[in-house]
Amino acid sequence: MNKPLDLPVDAAVPQVGPVVGTSRVHESAALHVSGEATYIDDIAEAQGTLHAALGLSPVAHGRLLSIDLALLKKQPGVVAVLTALDFPGENNCGPLLHDDPILAEGDLRYLGQPVFAIIATDRELARRAAGLAKSAIQFEALEPVLTAEAAHALSQYVLPPMHLTRGEPQAELARAPYRLDGEWAVGGQEQFYLEGQISYALPQENRGLLVHCSTQHPSEMQQLIAKAMGWQAHQVQVQCRRMGGGFGGKESQSALFACVAALAATKLRRPVKLRVDRDDDFQITGRRHGFDYRWQVGFDDAGHILAAEVDLISNCGHSADLSAPVMARALCHFDNAYWLPHVAMHGYCAKTNTQSNTAFRGFGGPQGALAIEMIIDSVARRLGLDPLLVRQRNFYKSDGSGQDMTPYGQRVEDNIIQPLTDRLLETSEYAKRREEITAFNAASPVLKKGLALTPVKFGISFNVVHLNQAGALVHVYTDGSVLVNHGGTEMGQGLNTKVAQVVAHELGVGLNQVRASATDTQKVANTSATAASTGSDLNGKAAQDAARKIKQRLATLAAKLLGGAAEDVRFGGDHVHANGTRMPFTELVSKAYFERIQLWSDGFYTTPGLHWDRAKLQGKPFYYYAYGAAVAEVLVDTLTGENRVTRADVLHDVGQSLNPALDIGQVEGAFVQGMGWMTMEELVWHPKTGMLSTHAPSTYKIPTANDSPPDFRVALYDQPNRADSIHRSKAVGEPPLLLPFAVLLAIKDAVAATGPARCDPHLRAPATAEAVLDALAGH
Ligand code: MTE
Ligand code: HPA
Ligand code: MOS
């Protein structure tokens, strides 16, 4: 079970001993629970602050004819109404393509699209005026395309199709002893960050602007605001101390709100805050892409996959946003942990009249890997084999057989999936429980149990090479206290804690000596989004680099003062050790100041060895892989369709953990979040109007603490990363989101227990009670 947490330490007590690799509380834990942690809406409002609200398109598709500005302007409290025409620069907030209007211009692309912004003296009045959108917007309605299937039939895409092929899948499919084809779909998923999208813009002197923004990507917010304003980037400062969750939803889509607040503040020369409420956040922003799949697979009687061909159709919504790298990651995760000798994948990015879908924990990886997991499960059921056996037979091998090459040309060099799975099978007592469940099901006509194991292999690095860079600043003040600032953002994942641990370790001081400060575009420039789980890999290394430069200078001084060679000086236990003697760190720092030695430094890091041909989808996109596996046991009521996870066993690879407590928290959180996607989070758009009906927690159900497995056994596979990552740790943010595929497949296993031998129930995801009843009825 989990290791006990260190309790918050009294700041006055110096901590000794190792820092990296130990369980330390989240740097803001006490602030989170006491309510002291400052989110954007908690920042004291400057005098004269105005509030913005957005008027939304009432139709899914149409031509925008006019906006009744006079009606809007005369509403109580309204100070200004802004439209697309007010942007002095480009009316675009698309991160990659310029196809994402900030405010609608010419056409209306989805129901909920922001068309105008109301700026009023208070938030309620702004919202009331914005609520008049239906009467203020004149439009000519056009036929909307509301599903990916419909868009695909029309070849209506936001990006050209992507194809990734290895070998001769068609010929091998024809030659295979067994063949199976199928269609399947998985829904999208709302990020449901607890802090909704928000930006607070404050005009500064000389055409400058400070924007407090809840964003994973301050640098891109800076760039997009500058472009929208027709400014230079140096005029815009974007700051983010922390987010109340991002989950990918604030990688690009914080931009619209930042740009509107920035425009309003600049135009009116007043501070302007834009905080959307939950319903509007649902209606305006996109989420995880739902995927449709069509597949064909050829296999032998042992279940070896000989060839596969699959169409992956993602519902992108009205614009490209991040859909290209999302689809690329989906294609690069269709293999998951399996060697597929002959394979063809076709990725179609369908353009629909809905919110523009975006990053969500896993970034297409889950949608890719889920497809092969469903396929393998079907293959096993058709052959009457335990799916576990078929999985193991298809694992990537590291035995020199050549079965270690991914379809995109990267060799799987760090493969630990077999030993990791073996250990989990043992600790979870899989075989014994499989027998018990078979016996239980034989005796229980209504309640059925199911069991499944699924593996995870997840590629770590941005799949766009140049994004794999980071910078940091470390300041040592004359009293020996340390401040670290880096390009990453804190969204609850504990990045600041890990980076502070790295710096404390390097300088040999207690963690309480190190403080992390808000992410700020005026500190580290040109940062990447905190995404792709790379936050601590990249920023940890950059901060280590900065700390090492300072350490080097201090070591030279210590050798001069204490004797011995600079290379032999050691930092630890709040002391500097040299020549058999030691000096307190604080004393050495103070001496260094008087010696006029620079006590702060920058640091920089780029991930080595990456290359990627975006057109051919070939290369080495990932520095390493993170692995994991989960065994889920579920109980299904076959009369009502209700289902529960009764036990989950997880073994997850985080390399040599920087902080086991935080890592276990990430694994547990990702598991429950992924379980929500697999079992209960269902998005429903009205089939005619395109209105998102599930736009609030009343209709869109995310898992709560009560839904987490009552028996939840999470362990870390404690082996150092083979790649030279920060202290040989591995990224943890996204990979464990794929673990709860085991939950979906365990539910399918329970449903199969009610059918004839070798049946392969058609269970859709999310496996809501209705979906389970439909699957049961399908026997
Ligand atoms: N954990 C919390 N508590 N809140 C979040 O918003 N986002 C996830 C993951 N874990 C998230 C989280 C996503 S989508 C990513 S990419 C990573 O954290 C980003 O942080 P990291 O790179 O520092 O792990
Ligand atoms: N993850 C998240 N964001 C990204 C990625 C990725 O792999 N590639 C480009 N942007
Ligand atoms: Mo995470 S989806 O890469 O923000």
# chains A, B, ... in the order shown; residues from 1 in each chain; ligands from 1
>>> residues_near_ligand(ligand="ligand 1", cutoff="6 Å", atoms="only C-alpha atoms and all ligand atoms", output="PyMOL selection string")
chain A and resi 245-248+360-361+491-493+495+530-536+732-734
>>> write_last_selection(atoms="N, CA, C and O atoms", output="CSV table (one decimal), in the first residue's frame")
chain,number,residue,atom,x,y,z
A,245,GLY,N,-6.4,22.9,-11.9
A,245,GLY,CA,-6.5,21.8,-12.9
A,245,GLY,C,-6.5,22.4,-14.3
A,245,GLY,O,-6.9,23.5,-14.6
A,246,GLY,N,-5.9,21.6,-15.2
A,246,GLY,CA,-5.8,22.0,-16.6
A,246,GLY,C,-6.2,20.8,-17.4
A,246,GLY,O,-7.1,20.8,-18.3
A,247,PHE,N,-5.5,19.7,-17.2
A,247,PHE,CA,-5.8,18.4,-17.9
A,247,PHE,C,-5.8,18.5,-19.4
A,247,PHE,O,-6.4,17.7,-20.1
A,248,GLY,N,-5.1,19.5,-19.9
A,248,GLY,CA,-5.0,19.7,-21.4
A,248,GLY,C,-5.9,20.8,-21.9
A,248,GLY,O,-5.7,21.3,-22.9
A,360,PHE,N,-6.4,16.5,-24.0
A,360,PHE,CA,-6.9,16.0,-22.7
A,360,PHE,C,-5.9,14.9,-22.4
A,360,PHE,O,-5.8,13.9,-23.2
A,361,ARG,N,-5.4,14.9,-21.2
A,361,ARG,CA,-4.5,13.9,-20.6
A,361,ARG,C,-4.4,12.6,-21.5
A,361,ARG,O,-5.4,11.8,-21.6
A,491,MET,N,-0.4,22.8,-12.1
A,491,MET,CA,-1.9,22.6,-12.2
A,491,MET,C,-2.4,21.6,-11.2
A,491,MET,O,-3.4,21.0,-11.4
A,492,GLY,N,-1.6,21.4,-10.2
A,492,GLY,CA,-2.0,20.5,-9.1
A,492,GLY,C,-1.1,19.2,-9.2
A,492,GLY,O,-1.1,18.4,-8.2
A,493,GLN,N,-0.4,19.0,-10.3
A,493,GLN,CA,0.4,17.8,-10.4
A,493,GLN,C,1.7,17.7,-9.6
A,493,GLN,O,2.3,16.6,-9.5
A,495,LEU,N,4.5,19.8,-9.9
A,495,LEU,CA,5.7,20.1,-10.7
A,495,LEU,C,6.6,21.0,-9.9
A,495,LEU,O,7.8,20.7,-9.8
A,530,THR,N,3.1,23.3,-20.6
A,530,THR,CA,3.3,22.2,-19.6
A,530,THR,C,2.4,21.1,-20.0
A,530,THR,O,1.2,21.2,-19.8
A,531,ALA,N,2.9,20.1,-20.8
A,531,ALA,CA,2.0,19.2,-21.4
A,531,ALA,C,2.9,18.0,-21.8
A,531,ALA,O,4.1,18.0,-21.6
A,532,ALA,N,2.2,17.0,-22.4
A,532,ALA,CA,2.9,15.8,-22.8
A,532,ALA,C,3.7,15.1,-21.6
A,532,ALA,O,4.6,14.4,-21.8
A,533,SER,N,3.2,15.4,-20.4
A,533,SER,CA,3.8,14.8,-19.2
A,533,SER,C,5.2,15.2,-19.0
A,533,SER,O,5.9,14.6,-18.1
A,534,THR,N,5.8,16.1,-19.7
A,534,THR,CA,7.2,16.4,-19.7
A,534,THR,C,7.6,17.5,-18.7
A,534,THR,O,8.8,17.8,-18.7
A,535,GLY,N,6.7,18.0,-17.9
A,535,GLY,CA,7.0,19.1,-17.1
A,535,GLY,C,8.2,18.9,-16.2
A,535,GLY,O,9.1,19.7,-16.2
A,536,SER,N,8.3,17.8,-15.5
A,536,SER,CA,9.4,17.7,-14.6
A,536,SER,C,10.7,17.2,-15.3
A,536,SER,O,11.8,17.5,-15.0
A,732,VAL,N,4.9,11.0,-15.4
A,732,VAL,CA,3.8,10.3,-14.8
A,732,VAL,C,2.4,10.9,-15.1
A,732,VAL,O,1.4,10.2,-14.9
A,733,GLY,N,2.4,12.1,-15.6
A,733,GLY,CA,1.1,12.8,-15.7
A,733,GLY,C,0.0,12.1,-16.5
A,733,GLY,O,-1.1,11.9,-16.0
A,734,GLU,N,0.4,11.6,-17.7
A,734,GLU,CA,-0.7,11.1,-18.6
A,734,GLU,C,-0.7,9.5,-18.6
A,734,GLU,O,-1.8,9.0,-18.7
>>> select_by_dssp(residues="stretch 610-735 of chain A", states="strand (DSSP E)", output="PyMOL selection string")
chain A and resi 611-613+618-620+624-637+643-652+711-716
>>> write_last_selection(atoms="N, CA and C atoms", output="JSON list (two decimals), in the first residue's frame")
[["chain", "number", "residue", "atom", "x", "y", "z"],
["A", 611, "HIS", "N", 14.11, 12.84, -33.34],
["A", 611, "HIS", "CA", 13.90, 13.30, -34.72],
["A", 611, "HIS", "C", 12.57, 12.73, -35.21],
["A", 612, "TRP", "N", 11.91, 13.49, -36.07],
["A", 612, "TRP", "CA", 10.55, 13.10, -36.47],
["A", 612, "TRP", "C", 10.23, 13.69, -37.83],
["A", 613, "ASP", "N", 9.83, 12.83, -38.74],
["A", 613, "ASP", "CA", 9.40, 13.27, -40.06],
["A", 613, "ASP", "C", 7.87, 13.30, -40.04],
["A", 618, "GLN", "N", 7.55, 8.99, -39.35],
["A", 618, "GLN", "CA", 8.65, 8.08, -39.03],
["A", 618, "GLN", "C", 9.72, 8.84, -38.26],
["A", 619, "GLY", "N", 10.39, 8.12, -37.36],
["A", 619, "GLY", "CA", 11.52, 8.71, -36.65],
["A", 619, "GLY", "C", 11.59, 8.23, -35.23],
["A", 620, "LYS", "N", 12.19, 9.07, -34.38],
["A", 620, "LYS", "CA", 12.23, 8.75, -32.96],
["A", 620, "LYS", "C", 11.55, 9.90, -32.23],
["A", 624, "TYR", "N", 11.79, 8.11, -24.29],
["A", 624, "TYR", "CA", 11.65, 6.78, -23.66],
["A", 624, "TYR", "C", 10.17, 6.48, -23.54],
["A", 625, "TYR", "N", 9.85, 5.30, -23.05],
["A", 625, "TYR", "CA", 8.45, 4.93, -22.80],
["A", 625, "TYR", "C", 8.22, 4.75, -21.30],
["A", 626, "ALA", "N", 7.00, 5.07, -20.87],
["A", 626, "ALA", "CA", 6.56, 4.74, -19.52],
["A", 626, "ALA", "C", 5.59, 3.57, -19.64],
["A", 627, "TYR", "N", 5.70, 2.64, -18.71],
["A", 627, "TYR", "CA", 4.90, 1.41, -18.77],
["A", 627, "TYR", "C", 4.00, 1.28, -17.55],
["A", 628, "GLY", "N", 3.04, 0.42, -17.66],
["A", 628, "GLY", "CA", 2.18, 0.16, -16.51],
["A", 628, "GLY", "C", 1.21, -0.94, -16.87],
["A", 629, "ALA", "N", 0.52, -1.44, -15.86],
["A", 629, "ALA", "CA", -0.54, -2.42, -16.10],
["A", 629, "ALA", "C", -1.53, -2.35, -14.95],
["A", 630, "ALA", "N", -2.76, -2.71, -15.26],
["A", 630, "ALA", "CA", -3.80, -2.70, -14.23],
["A", 630, "ALA", "C", -4.65, -3.95, -14.35],
["A", 631, "VAL", "N", -5.06, -4.45, -13.20],
["A", 631, "VAL", "CA", -6.06, -5.52, -13.15],
["A", 631, "VAL", "C", -7.29, -4.93, -12.48],
["A", 632, "ALA", "N", -8.42, -5.00, -13.17],
["A", 632, "ALA", "CA", -9.66, -4.47, -12.59],
["A", 632, "ALA", "C", -10.65, -5.60, -12.41],
["A", 633, "GLU", "N", -11.34, -5.55, -11.30],
["A", 633, "GLU", "CA", -12.43, -6.50, -11.06],
["A", 633, "GLU", "C", -13.71, -5.69, -10.89],
["A", 634, "VAL", "N", -14.75, -6.11, -11.58],
["A", 634, "VAL", "CA", -16.01, -5.36, -11.51],
["A", 634, "VAL", "C", -17.16, -6.28, -11.16],
["A", 635, "LEU", "N", -18.22, -5.64, -10.69],
["A", 635, "LEU", "CA", -19.47, -6.35, -10.42],
["A", 635, "LEU", "C", -20.55, -5.66, -11.24],
["A", 636, "VAL", "N", -21.29, -6.46, -12.01],
["A", 636, "VAL", "CA", -22.32, -5.90, -12.89],
["A", 636, "VAL", "C", -23.67, -6.49, -12.50],
["A", 637, "ASP", "N", -24.66, -5.61, -12.36],
["A", 637, "ASP", "CA", -26.04, -6.06, -12.14],
["A", 637, "ASP", "C", -26.68, -6.20, -13.52],
["A", 643, "ASN", "N", -22.90, -0.91, -12.69],
["A", 643, "ASN", "CA", -21.62, -1.60, -12.52],
["A", 643, "ASN", "C", -20.71, -0.84, -11.58],
["A", 644, "ARG", "N", -19.85, -1.56, -10.93],
["A", 644, "ARG", "CA", -18.91, -0.97, -9.97],
["A", 644, "ARG", "C", -17.57, -1.67, -10.09],
["A", 645, "VAL", "N", -16.52, -0.91, -9.91],
["A", 645, "VAL", "CA", -15.21, -1.55, -9.76],
["A", 645, "VAL", "C", -15.12, -1.98, -8.30],
["A", 646, "THR", "N", -14.81, -3.23, -8.07],
["A", 646, "THR", "CA", -14.71, -3.67, -6.68],
["A", 646, "THR", "C", -13.26, -3.70, -6.21],
["A", 647, "ARG", "N", -12.37, -3.91, -7.16],
["A", 647, "ARG", "CA", -10.96, -3.91, -6.78],
["A", 647, "ARG", "C", -10.13, -3.55, -8.00],
["A", 648, "ALA", "N", -9.09, -2.75, -7.78],
["A", 648, "ALA", "CA", -8.14, -2.46, -8.85],
["A", 648, "ALA", "C", -6.72, -2.58, -8.32],
["A", 649, "ASP", "N", -5.90, -3.29, -9.07],
["A", 649, "ASP", "CA", -4.48, -3.44, -8.74],
["A", 649, "ASP", "C", -3.69, -2.78, -9.86],
["A", 650, "VAL", "N", -2.81, -1.90, -9.49],
["A", 650, "VAL", "CA", -2.04, -1.16, -10.48],
["A", 650, "VAL", "C", -0.55, -1.28, -10.18],
["A", 651, "LEU", "N", 0.22, -1.54, -11.20],
["A", 651, "LEU", "CA", 1.67, -1.46, -11.08],
["A", 651, "LEU", "C", 2.13, -0.51, -12.17],
["A", 652, "HIS", "N", 2.72, 0.60, -11.76],
["A", 652, "HIS", "CA", 3.04, 1.62, -12.75],
["A", 652, "HIS", "C", 4.51, 2.04, -12.66],
["A", 711, "ASP", "N", -11.23, -1.14, -3.06],
["A", 711, "ASP", "CA", -9.97, -1.84, -2.80],
["A", 711, "ASP", "C", -9.03, -1.44, -3.94],
["A", 712, "PHE", "N", -8.14, -0.50, -3.65],
["A", 712, "PHE", "CA", -7.35, 0.16, -4.70],
["A", 712, "PHE", "C", -5.88, 0.00, -4.30],
["A", 713, "ARG", "N", -5.17, -0.82, -5.03],
["A", 713, "ARG", "CA", -3.78, -1.13, -4.65],
["A", 713, "ARG", "C", -2.83, -0.62, -5.73],
["A", 714, "VAL", "N", -2.23, 0.51, -5.44],
["A", 714, "VAL", "CA", -1.35, 1.14, -6.41],
["A", 714, "VAL", "C", 0.10, 1.00, -5.96],
["A", 715, "ALA", "N", 0.92, 0.46, -6.81],
["A", 715, "ALA", "CA", 2.34, 0.35, -6.48],
["A", 715, "ALA", "C", 3.17, 0.89, -7.64],
["A", 716, "LEU", "N", 4.37, 1.36, -7.31],
["A", 716, "LEU", "CA", 5.28, 1.88, -8.33],
["A", 716, "LEU", "C", 6.32, 0.82, -8.65]]
>>> residues_around(residues="A:Asp422", least_positions_apart="2", cutoff="12 Å", atoms="only C-alpha atoms", output="PyMOL selection string")
chain A and resi 388-389+392+416-420+424-431+453+455+628-631+651+717
>>> residues_around(residues="stretch 43-59 of chain A", least_positions_apart="2", cutoff="6 Å", atoms="only C-alpha atoms", output="PDB file with N, CA and C atoms, in the first residue's frame")
ATOM      1  N   ILE A  40      -6.793  32.626  -9.930  1.00  0.00           N
ATOM      2  CA  ILE A  40      -6.926  33.942 -10.578  1.00  0.00           C
ATOM      3  C   ILE A  40      -8.065  34.764  -9.965  1.00  0.00           C
ATOM      4  N   ASP A  41      -9.183  34.115  -9.671  1.00  0.00           N
ATOM      5  CA  ASP A  41     -10.322  34.874  -9.154  1.00  0.00           C
ATOM      6  C   ASP A  41     -10.105  35.326  -7.717  1.00  0.00           C
ATOM      7  N   HIS A  61     -24.684  26.238 -37.102  1.00  0.00           N
ATOM      8  CA  HIS A  61     -24.075  26.626 -38.364  1.00  0.00           C
ATOM      9  C   HIS A  61     -24.923  27.731 -38.982  1.00  0.00           C
ATOM     10  N   LEU A 111     -22.868  25.881 -31.998  1.00  0.00           N
ATOM     11  CA  LEU A 111     -23.757  26.451 -31.000  1.00  0.00           C
ATOM     12  C   LEU A 111     -22.950  26.625 -29.724  1.00  0.00           C
ATOM     13  N   GLY A 112     -22.773  27.885 -29.323  1.00  0.00           N
ATOM     14  CA  GLY A 112     -21.943  28.177 -28.162  1.00  0.00           C
ATOM     15  C   GLY A 112     -20.720  29.002 -28.544  1.00  0.00           C
ATOM     16  N   GLN A 113     -20.498  29.187 -29.835  1.00  0.00           N
ATOM     17  CA  GLN A 113     -19.333  29.969 -30.266  1.00  0.00           C
ATOM     18  C   GLN A 113     -19.463  31.420 -29.795  1.00  0.00           C
ATOM     19  N   PRO A 114     -18.433  31.975 -29.159  1.00  0.00           N
ATOM     20  CA  PRO A 114     -18.492  33.381 -28.759  1.00  0.00           C
ATOM     21  C   PRO A 114     -18.606  34.309 -29.972  1.00  0.00           C
ATOM     22  N   VAL A 115     -19.590  35.216 -29.909  1.00  0.00           N
ATOM     23  CA  VAL A 115     -19.831  36.130 -31.032  1.00  0.00           C
ATOM     24  C   VAL A 115     -19.493  37.561 -30.632  1.00  0.00           C
ATOM     25  N   PHE A 116     -19.822  37.924 -29.396  1.00  0.00           N
ATOM     26  CA  PHE A 116     -19.483  39.270 -28.919  1.00  0.00           C
ATOM     27  C   PHE A 116     -19.138  39.188 -27.437  1.00  0.00           C
ATOM     28  N   ALA A 117     -18.498  40.253 -26.964  1.00  0.00           N
ATOM     29  CA  ALA A 117     -18.163  40.314 -25.533  1.00  0.00           C
ATOM     30  C   ALA A 117     -18.826  41.545 -24.932  1.00  0.00           C
ATOM     31  N   ILE A 118     -19.465  41.336 -23.804  1.00  0.00           N
ATOM     32  CA  ILE A 118     -20.050  42.447 -23.051  1.00  0.00           C
ATOM     33  C   ILE A 118     -19.071  42.812 -21.946  1.00  0.00           C
ATOM     34  N   ILE A 119     -18.797  44.106 -21.804  1.00  0.00           N
ATOM     35  CA  ILE A 119     -17.970  44.547 -20.683  1.00  0.00           C
ATOM     36  C   ILE A 119     -18.874  45.414 -19.817  1.00  0.00           C
ATOM     37  N   ALA A 120     -18.981  45.024 -18.554  1.00  0.00           N
ATOM     38  CA  ALA A 120     -19.919  45.733 -17.678  1.00  0.00           C
ATOM     39  C   ALA A 120     -19.301  45.981 -16.317  1.00  0.00           C
ATOM     40  N   THR A 121     -20.014  46.749 -15.524  1.00  0.00           N
ATOM     41  CA  THR A 121     -19.479  47.146 -14.219  1.00  0.00           C
ATOM     42  C   THR A 121     -19.432  45.990 -13.238  1.00  0.00           C
ATOM     43  N   ASP A 122     -20.305  45.026 -13.395  1.00  0.00           N
ATOM     44  CA  ASP A 122     -20.117  43.813 -12.591  1.00  0.00           C
ATOM     45  C   ASP A 122     -20.462  42.572 -13.411  1.00  0.00           C
ATOM     46  N   ARG A 123     -20.060  41.454 -12.856  1.00  0.00           N
ATOM     47  CA  ARG A 123     -20.108  40.210 -13.613  1.00  0.00           C
ATOM     48  C   ARG A 123     -21.544  39.803 -13.927  1.00  0.00           C
ATOM     49  N   ALA A 126     -22.961  41.855 -16.726  1.00  0.00           N
ATOM     50  CA  ALA A 126     -22.337  41.452 -18.002  1.00  0.00           C
ATOM     51  C   ALA A 126     -22.993  40.171 -18.499  1.00  0.00           C
ATOM     52  N   ARG A 127     -23.198  39.251 -17.605  1.00  0.00           N
ATOM     53  CA  ARG A 127     -23.802  37.967 -17.991  1.00  0.00           C
ATOM     54  C   ARG A 127     -25.254  38.138 -18.442  1.00  0.00           C
ATOM     55  N   ALA A 130     -25.154  39.522 -21.908  1.00  0.00           N
ATOM     56  CA  ALA A 130     -24.668  38.491 -22.841  1.00  0.00           C
ATOM     57  C   ALA A 130     -25.764  37.464 -23.111  1.00  0.00           C
ATOM     58  N   ALA A 133     -28.029  37.220 -26.315  1.00  0.00           N
ATOM     59  CA  ALA A 133     -27.429  36.827 -27.605  1.00  0.00           C
ATOM     60  C   ALA A 133     -28.481  36.370 -28.602  1.00  0.00           C
ATOM     61  N   LYS A 134     -29.438  35.602 -28.148  1.00  0.00           N
ATOM     62  CA  LYS A 134     -30.440  35.033 -29.047  1.00  0.00           C
ATOM     63  C   LYS A 134     -31.189  36.133 -29.802  1.00  0.00           C
ATOM     64  N   PRO A 271      -8.794  47.597 -15.841  1.00  0.00           N
ATOM     65  CA  PRO A 271      -8.602  46.156 -15.651  1.00  0.00           C
ATOM     66  C   PRO A 271      -9.889  45.412 -16.013  1.00  0.00           C
ATOM     67  N   VAL A 272      -9.762  44.291 -16.708  1.00  0.00           N
ATOM     68  CA  VAL A 272     -10.954  43.521 -17.093  1.00  0.00           C
ATOM     69  C   VAL A 272     -10.745  42.044 -16.764  1.00  0.00           C
ATOM     70  N   LYS A 273     -11.751  41.488 -16.121  1.00  0.00           N
ATOM     71  CA  LYS A 273     -11.701  40.067 -15.779  1.00  0.00           C
ATOM     72  C   LYS A 273     -12.754  39.309 -16.581  1.00  0.00           C
ATOM     73  N   LEU A 274     -12.353  38.185 -17.113  1.00  0.00           N
ATOM     74  CA  LEU A 274     -13.307  37.318 -17.810  1.00  0.00           C
ATOM     75  C   LEU A 274     -13.262  35.946 -17.170  1.00  0.00           C
TER      76      LEU A 274
END
>>> closest_residue(among="A:Gly106, A:Gly400, A:Pro736, A:Gly487", to="A:Glu220", atoms="only C-alpha atoms")
A:Gly487
>>> decode(residues="stretch 561-566 of chain A", atoms="all heavy atoms", output="mmCIF file, in the first residue's frame")
data_model
loop_
_atom_site.group_PDB
_atom_site.id
_atom_site.type_symbol
_atom_site.label_atom_id
_atom_site.label_comp_id
_atom_site.auth_asym_id
_atom_site.auth_seq_id
_atom_site.Cartn_x
_atom_site.Cartn_y
_atom_site.Cartn_z
ATOM 1 N N LEU A 561 38.578 28.446 0.283
ATOM 2 C CA LEU A 561 38.480 28.738 1.714
ATOM 3 C C LEU A 561 38.889 27.555 2.593
ATOM 4 O O LEU A 561 39.501 27.731 3.638
ATOM 5 C CB LEU A 561 37.047 29.150 2.068
ATOM 6 C CG LEU A 561 36.530 30.443 1.427
ATOM 7 C CD1 LEU A 561 35.040 30.624 1.706
ATOM 8 C CD2 LEU A 561 37.320 31.654 1.946
ATOM 9 N N LEU A 562 38.492 26.338 2.155
ATOM 10 C CA LEU A 562 38.687 25.163 3.028
ATOM 11 C C LEU A 562 39.847 24.276 2.591
ATOM 12 O O LEU A 562 40.256 23.378 3.327
ATOM 13 C CB LEU A 562 37.405 24.315 3.069
ATOM 14 C CG LEU A 562 36.120 25.024 3.542
ATOM 15 C CD1 LEU A 562 34.908 24.123 3.377
ATOM 16 C CD2 LEU A 562 36.258 25.453 5.006
ATOM 17 N N GLY A 563 40.332 24.508 1.379
ATOM 18 C CA GLY A 563 41.399 23.656 0.840
ATOM 19 C C GLY A 563 40.831 22.521 0.019
ATOM 20 O O GLY A 563 39.608 22.292 -0.009
ATOM 21 N N GLY A 564 41.674 21.801 -0.670
ATOM 22 C CA GLY A 564 41.225 20.704 -1.534
ATOM 23 C C GLY A 564 40.857 21.219 -2.915
ATOM 24 O O GLY A 564 40.994 22.414 -3.214
ATOM 25 N N ALA A 565 40.359 20.280 -3.742
ATOM 26 C CA ALA A 565 40.028 20.634 -5.117
ATOM 27 C C ALA A 565 38.542 20.940 -5.240
ATOM 28 O O ALA A 565 37.718 20.345 -4.531
ATOM 29 C CB ALA A 565 40.378 19.474 -6.058
ATOM 30 N N ALA A 566 38.196 21.835 -6.136
ATOM 31 C CA ALA A 566 36.791 22.217 -6.329
ATOM 32 C C ALA A 566 35.947 21.011 -6.709
ATOM 33 O O ALA A 566 34.795 20.884 -6.274
ATOM 34 C CB ALA A 566 36.688 23.306 -7.399
#
